[in-house]
Amino acid sequence: MKIVIIGGTAGGAGIAARLRRLDEQAEIIIVEKNPYISWSGCALPYFTGGIICERNNLFLANKEMFDHRFNIKVLDSTKAVGLDRAAKQVSVIAVNQPHAKVTTISYDKLVIATGAGAIMPGFARNKDGVYAMRCIEDADQIKAYVAAHNVKHAVVVGGGFIGLEACENLKHRGIDVTLVEKAPQVLAPVDPDIAQYLHRELDQHGVSLKLGVGIADIAKTDAGLTVALDNGESVETQLVIMALGIVPQTDFIKDSGLKLNSRGYIEVADTMQTNDPDIYALGDVVAVQGVPEDRLGTIALAGPASKQSRIAAHNLLGIGLGPQGQLHFKGSLGVSIVRVMSLTAGAVGMNRRALAGQPDVAEVTVHTPHHVSWFEEAKPVHLKLIFNQKTGLVLGAQAVGEVSIDKNLEVISALMQMHATVYDLVDFESAYAPPFSAPRSPVNMAGSTAANVVDGLEEMITVEQFDELRKNDPDLVCIDVRAPDEIEICKLPGFTNIPVDALRAHHKKQPFDPNKTYVVSCQVGVRGHTAACMLRHFGVKKVYNLSGGYVSWCTAHYQLKN
């Protein structure tokens with residue numbers, strides 16, 4: 001059998017190696033447009049910023065290794081330009097050879113793993129000083145340009161993962177940065193309240209944020225570049241990094257009859273097979289059909305691509321499938337994470353935007369130390385849990401903090417893969433010792449808080465909901481149950497201070513009105529829960545606990561300085 005693989009990065013190299021482990025006799029050829037294969041695109045911002053110093057560290061393997069170890073032929077610097085399904089041939093051409101001619105490669109089975117390219121508007125293309133960050137050549141050119149032009153200021157367009165990493169690494173090189181993002185927040189997988197922690201972090205590190213505004217043009221000037229924004233403003237700079245997202249690289253198959261969706265992704269079954277039984281596809285270039293509604297079928301991450309390569313290899317060869325028959329891709333929960341200066345932020349599952357309009361969706365936010373508070377350097381974990389308030393089913397989670405974010409999100413991800421409810425988070429056993437965790441981990445705390453909502457023991461209100469409620473209810477009573485010394489340091493405007501330990505005595509002297517609506521708050525929400533329980537026992541019919549307490553309120557109302 002002759003197997004041709006178009007694309008030699010994470011997905012393509014992964015399936016090639018897996019195919020060889022399963023079948024020693026197959027002829028396997030990788031066609032890769034770059035002069036290298038199996039490289040780490042995720043490392044590019046850190047290479048650009050000088051955190052990764054050695055260029056060779058970007059490469060995970062090379063064509064010689066694939067030849068000697070796997071007996072796999074790699075045609076590097078070779079680009080696929082056409083597909084003839086009837087003849088079972090791929091048309092290719094040598095890259096960077098002026099007089100190269102199109103040739104064909106026949107196949108018995110074809111795998112498409114071409115990935116995706118950077119979105120680059122017409123006004124940004126082929127301009128000196130304007131770059132994407134999608135391939136090693138981009139990183140090489142950025143580093144060379146920064147050195148040659150003594151760059152002191154850069155504009156990053158796009159506040160997603162690559163844009164945020166670009167900001168961090170440019171700042172690491174001592175370059176001032178302006179971040180332009182069309183949406184009102186950075187990092188789309190998280191909700192605005194979690195993104196606000198990143199806004200504050202970027203702001204406090206001197207990054208100028210322009211949120212809710214897009215880019216209209218880039219003009220070359222004698223002094224460098226002028227970036228025109230769609231609100232009429234302009235930014236003078238020396239370097240522009242375009243991080244607007246990606247588009248699937250499917251141009252060479254658009255006339256082949258392979259089924260593409262409206263966004264240009266190859267539609268594949270959950271077996272990774274296309275509408276042609278002899279052609280499989282995987283990675284950033286595919287949209288997987290038939291995955292559960294709460295999971296993603298299109299996801300540009302190396303982890304899902306690696307899983308897909310294993311599935312496609314077994315299904316293509318029909319080897320090692322076990323009693324269940326073909327292997328199936330179950331979709332992705334979209335677990336993602338990013339470092340931004342001293343913070344780490346990430347998400348798993350659905351956010352509020354994706355769940356808009358769905359019934360019975362609730363959320364809680366907890367702020368709890370990553371290990372016991374009395375141990376050295378306890379750092380807060382800000383963890384948000386989204387769930388169905390009737391069934392308790394966990395729908396998603398988001399977290400931000402300096403440490404332990406990956407651990408907590410991975411725990412929730414593992415539980416969500418087993419269709420966990422908030423009660424499963426309560427029952428989760430963490431590895432407890434003072435340097436590592438607490439008897440009740442952040443996951444336990446989020447689960448317990450959410451379980452109180454599901455059980456009808458508590459009504460939570462987010463800062464956004466509270467601000468709206470206060471506008472519309474002039475009789476709303478707001479009580480801050482923290483201690484007086486805490487209030488002196490940081491006050492919640494419009495709240496009356498009644499410490500939680502004094503609530504019973506206060507009620508005896510001046511009973512709470514059972515017909516008024518109350519909002520209680522503390523520092524992070526724990527004492528607020530106790531206070532809300534008391535008020536209900538005192539006969540109050542409507543009492544909310546401010547989710548996340550003062551910490552959430554303070555973060556939500558942070559005013560950008562840059």
# chains A, B, ... in the order shown; residues from 1 in each chain; ligands from 1
>>> residues_around(residues="stretch 211-227 of chain A", least_positions_apart="2", cutoff="10 Å", atoms="only C-alpha atoms", output="VMD selection string")
chain A and resid 121 to 125 127 to 130 149 151 154 to 155 157 to 159 179 to 186 199 208 to 209 229 to 240
>>> residues_around(residues="A:Val520", least_positions_apart="4", cutoff="8 Å", atoms="only C-alpha atoms", output="VMD selection string")
chain A and resid 478 to 481 528 531 to 532 543 to 546
>>> closest_residue(among="A:Ala356, A:Val340, A:Ile29, A:Leu503", to="A:Lys171", atoms="only C-alpha atoms")
A:Val340
>>> closest_residue(among="A:Gly303, A:Pro248, A:Gly163, A:Gly539", to="A:Tyr131", atoms="only C-alpha atoms")
A:Gly163
>>> residues_around(residues="A:Thr517", least_positions_apart="2", cutoff="12 Å", atoms="only C-alpha atoms", output="ChimeraX atom specification")
/A:459,466,469-470,472-479,512-515,519-520,532,535-536,539-545
>>> atom_distance(atom1="atom CA of A:Gly349", atom2="atom CA of A:Leu333")
4.9 Å
>>> select_by_dssp(residues="stretch 244-311 of chain A", states="strand (DSSP E or B)", output="VMD selection string")
chain A and resid 246 to 248 260 266 to 268 273 279 to 281 286 to 288 296
>>> residues_around(residues="A:Ile5", least_positions_apart="2", cutoff="9 Å", atoms="only C-alpha atoms", output="JSON, numbers by chain")
{"A": [3, 7, 8, 12, 13, 15, 16, 28, 29, 30, 31, 32, 109, 110, 111, 112, 113, 114]}
>>> select_by_dssp(residues="stretch 311-441 of chain A", states="helix (DSSP H, G or I)", output="list of chain:residue names")
A:Ile311, A:Ala312, A:Ala313, A:His314, A:Asn315, A:Leu316, A:Leu317, A:Gly322, A:Pro323, A:Gln324, A:Ile405, A:Asp406, A:Lys407, A:Asn408, A:Leu409, A:Glu410, A:Val411, A:Ile412, A:Ser413, A:Ala414, A:Leu415, A:Met416, A:Val422, A:Tyr423, A:Asp424, A:Leu425, A:Val426, A:Asp427
>>> residues_around(residues="stretch 37-43 of chain A", least_positions_apart="5", cutoff="8 Å", atoms="only C-alpha atoms", output="ChimeraX atom specification")
/A:8-10,13,32,52,58-63,76,134-136
>>> atom_distance(atom1="atom CA of A:Val177", atom2="atom CA of A:Lys152")
8.7 Å
>>> atom_distance(atom1="atom CA of A:Leu343", atom2="atom CA of A:Thr449")
24.2 Å
>>> residues_around(residues="A:Pro434", least_positions_apart="2", cutoff="8 Å", atoms="only C-alpha atoms", output="VMD selection string")
chain A and resid 371 to 372 375 432 436 to 438
>>> write_last_selection(atoms="C-alpha atoms", output="PDB file, in the first residue's frame")
ATOM      1  CA  HIS A 371      -2.539  25.572  48.791  1.00  0.00           C
ATOM      2  CA  VAL A 372      -3.391  26.224  52.449  1.00  0.00           C
ATOM      3  CA  PHE A 375       1.731  28.050  54.090  1.00  0.00           C
ATOM      4  CA  TYR A 432      -3.245  17.193  49.825  1.00  0.00           C
ATOM      5  CA  PHE A 436       0.603  21.549  47.145  1.00  0.00           C
ATOM      6  CA  SER A 437      -3.065  21.956  47.929  1.00  0.00           C
ATOM      7  CA  ALA A 438      -5.623  22.288  50.714  1.00  0.00           C
TER       8      ALA A 438
END
>>> residues_around(residues="A:Ile279", least_positions_apart="5", cutoff="12 Å", atoms="only C-alpha atoms", output="PyMOL selection string")
chain A and resi 3-6+83-86+88-90+107-113+253+256-259+266-269+271-274+312-313+315-316
>>> closest_residue(among="A:Ala354, A:Val92, A:Ala414, A:Leu198", to="A:Gly160", atoms="only C-alpha atoms")
A:Leu198
>>> closest_residue(among="A:Gly50, A:Gly456, A:Pro98, A:Pro499", to="A:His172", atoms="only C-alpha atoms")
A:Gly50
>>> closest_atom_pairs(of="stretch 146-198 of chain A", to="stretch 361-370 of chain A", cutoff="12 Å", atoms="only C-alpha atoms", output="Markdown table")
| residue | atom | partner | partner_atom | distance |
| --- | --- | --- | --- | --- |
| A:Asp191 | CA | A:Glu363 | CA | 11.1 |
| A:Asp193 | CA | A:Thr365 | CA | 9.8 |
| A:Ile194 | CA | A:Thr365 | CA | 9.6 |
>>> closest_residue(among="A:Tyr197, A:Phe70, A:Tyr265, A:Tyr36", to="A:Thr555", atoms="only C-alpha atoms")
A:Tyr197
